[in-house]
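Heads up: the structure comes next, in structure tokens.
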Amino acid sequence: MIDNDIVYTINPEPLQTWLRDQLNRTTQNKLAKEMAIARPIISEILQGRFKLKGSTIKAFAKQLNVTPQRLLQELSEGESEEYTDLPSEDLALIPVFDIAAAAGRGSYAGDIIQIVGLEKMWLRKEYGATDSLEGIRVSGDSMEPTLLDGDMVLIDRHDFIPKDGVYVLRIEENLFVKRLSRLPKDQIEVISDNPNYSKFKINLKNPPTDFQVIGRVLMKCQKI
């Protein structure tokens with residue numbers, strides 16, 4: 001039985017061959033929509049991604065008209081990462097996603113790229129929550145020098161009422177990490193810490209198409 005949320009290590013070459021054949025007749029966007037997966041997943045498999053969630057494997061199995069178990073067997077015997085060596089009950093297990101792979105309705109692109117463990121007691125003391133926390137990998141230079149390309153940040157999905165601070169935003173199915181400044185008359189100013197990027201305003205009573213504040217950035221996680 002394949003679990004939707006388990007991350008499996010696979011050999012991507014069979015999927016790459018099938019995808020290239022399909023993309024001779026259609027586009028990545030159309031194929032992703034047909035398969036009900038995020039489009040960046042297709043790009044990442046073509047680039048050699050070798051870790052997929054069970055739900056993604058099931059989507060490919062449906063297209064290939066085979067059972068998920070059969071497909072997983074063909075993709076390098078279905079070796080999986082079930083995180084059996086993760087730390088104790090004292091740690092909160094935080095899923096980490098790649099913001100560059102984010103798409104649609106405030107969710108991420110389907111595949112967790114990492115799971116990190118942080119001490120529950122410390123998280124509750126500092127932020128008052130553990131179950132609403134997620135990590136993301138930042139893409140791009142718009143928040144330099146505060147956040148660099150590839151940095152991991154911790155966000156609270158329950159803290160989505162915009163105030164002064166750094167937030168993850170969704171605008172037209174694209175995710176951004178930006179600094180927000182609350183203005184009068186239900187407006188917010190969206191700021192990039194990198195001065196090469198322009199500021200802009202959003203009227204919360206008349207926001208852009210498909211706009212959502214995903215969550216507040218709590219901290220940057222980095223090794224010393």
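As shown in the structure tokens, the chain order sets the letters A, B, ...; within each chain, residues go from 1, and ligands are also counted from 1 in the order they appear.
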Show me, as an NGL selection string, the residues that have an atom within 10 Å of Lys58 (chain A) when counting only C-alpha atoms, minus same-chain residues fewer than 5 positions from it. :A and (2-4 or 35 or 53 or 63-64 or 66-69 or 71-72)
As a PyMOL selection string, please: all residues of chain A that backbone DSSP puts in helix (DSSP H, G or I). chain A and resi 13-22+28-35+39-46+54-64+68-74+76-78+99-101+120-127
With C-alpha atoms kept, could you save the residues just selected as a CSV table (one decimal), in the first residue's frame?
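This went into selection.csv:
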```csv
chain,number,residue,atom,x,y,z
A,13,GLU,CA,14.5,8.1,-15.8
A,14,PRO,CA,11.3,6.2,-16.8
A,15,LEU,CA,9.2,9.2,-15.9
A,16,GLN,CA,11.5,11.5,-17.8
A,17,THR,CA,11.1,9.4,-20.9
A,18,TRP,CA,7.3,9.4,-20.6
A,19,LEU,CA,7.1,13.1,-19.9
A,20,ARG,CA,9.3,14.0,-22.9
A,21,ASP,CA,7.1,11.9,-25.2
A,22,GLN,CA,3.9,13.6,-23.8
A,28,GLN,CA,3.6,21.3,-19.1
A,29,ASN,CA,0.7,23.4,-17.9
A,30,LYS,CA,-1.9,21.3,-19.7
A,31,LEU,CA,-0.4,18.0,-18.6
A,32,ALA,CA,-0.1,19.1,-15.0
A,33,LYS,CA,-3.8,20.1,-15.0
A,34,GLU,CA,-4.8,16.8,-16.6
A,35,MET,CA,-2.8,14.9,-13.9
A,39,ARG,CA,3.3,22.1,-12.9
A,40,PRO,CA,6.8,22.5,-11.2
A,41,ILE,CA,6.8,18.9,-10.3
A,42,ILE,CA,7.0,18.0,-14.0
A,43,SER,CA,9.9,20.4,-14.5
A,44,GLU,CA,11.8,19.0,-11.5
A,45,ILE,CA,11.4,15.4,-12.6
A,46,LEU,CA,12.8,16.4,-16.0
A,54,GLY,CA,3.0,8.7,-2.8
A,55,SER,CA,0.2,11.0,-4.1
A,56,THR,CA,2.4,12.1,-7.0
A,57,ILE,CA,3.3,8.5,-7.9
A,58,LYS,CA,-0.4,7.6,-7.9
A,59,ALA,CA,-1.1,10.4,-10.4
A,60,PHE,CA,1.6,9.1,-12.7
A,61,ALA,CA,0.3,5.5,-12.3
A,62,LYS,CA,-3.2,6.6,-13.4
A,63,GLN,CA,-1.8,8.1,-16.5
A,64,LEU,CA,0.3,5.1,-17.3
A,68,PRO,CA,0.8,2.5,-8.1
A,69,GLN,CA,2.5,-0.5,-6.5
A,70,ARG,CA,3.7,-1.7,-10.0
A,71,LEU,CA,5.0,1.7,-11.0
A,72,LEU,CA,6.8,2.2,-7.7
A,73,GLN,CA,8.4,-1.2,-8.2
A,74,GLU,CA,9.6,-0.2,-11.6
A,76,SER,CA,13.9,1.4,-8.4
A,77,GLU,CA,12.1,-1.0,-6.2
A,78,GLY,CA,10.2,1.7,-4.2
A,99,ILE,CA,8.9,28.0,-2.6
A,100,ALA,CA,10.0,27.9,-6.2
A,101,ALA,CA,7.8,24.9,-6.6
A,120,LYS,CA,8.4,21.7,20.9
A,121,MET,CA,9.0,23.4,24.3
A,122,TRP,CA,11.1,26.1,22.7
A,123,LEU,CA,8.7,26.6,19.8
A,124,ARG,CA,5.8,27.1,22.2
A,125,LYS,CA,7.8,29.5,24.4
A,126,GLU,CA,9.0,31.6,21.4
A,127,TYR,CA,5.9,31.4,19.1
```
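Comparing A:Leu133, A:Ile6, A:Leu91, A:Ile155 by their smallest distance to Glu119 (chain A), the closest is A:Leu91 (using only C-alpha atoms).
Proximity to Gly48 (chain A) was assessed for A:Ile136, A:Val168, A:Ile10, A:Leu23 counting only C-alpha atoms; the smallest distance is recorded for A:Ile10.
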Residues within 10 Å of region 218-222 of chain A, only C-alpha atoms, excluding chain neighbours under 5 positions, as number ranges by chain: A: 126-127, 133, 135-137, 146-148, 151-156, 159, 165-167
Nearby residues (only C-alpha atoms) at most 8 Å from Ser192 (chain A), same-chain spacing under 2 positions excluded, as a list of chain:residue names: A:Ser142, A:Met143, A:Lys178, A:Arg179, A:Val190, A:Asn194, A:Pro195, A:Tyr197, A:Ser198, A:Lys199
Please provide as a PyMOL selection string all residues within 12 Å of Leu180 (chain A), with the sequence filter that same-chain residues fewer than 2 positions apart are discarded (counting only C-alpha atoms). chain A and resi 143+160-169+176-178+182-183+187-193+199-202+213+215-217
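Counting only C-alpha atoms, the residue from A:Gln47, A:Ala36, A:Asn24, A:Phe97 that sits nearest to Ile115 (chain A) is A:Phe97.
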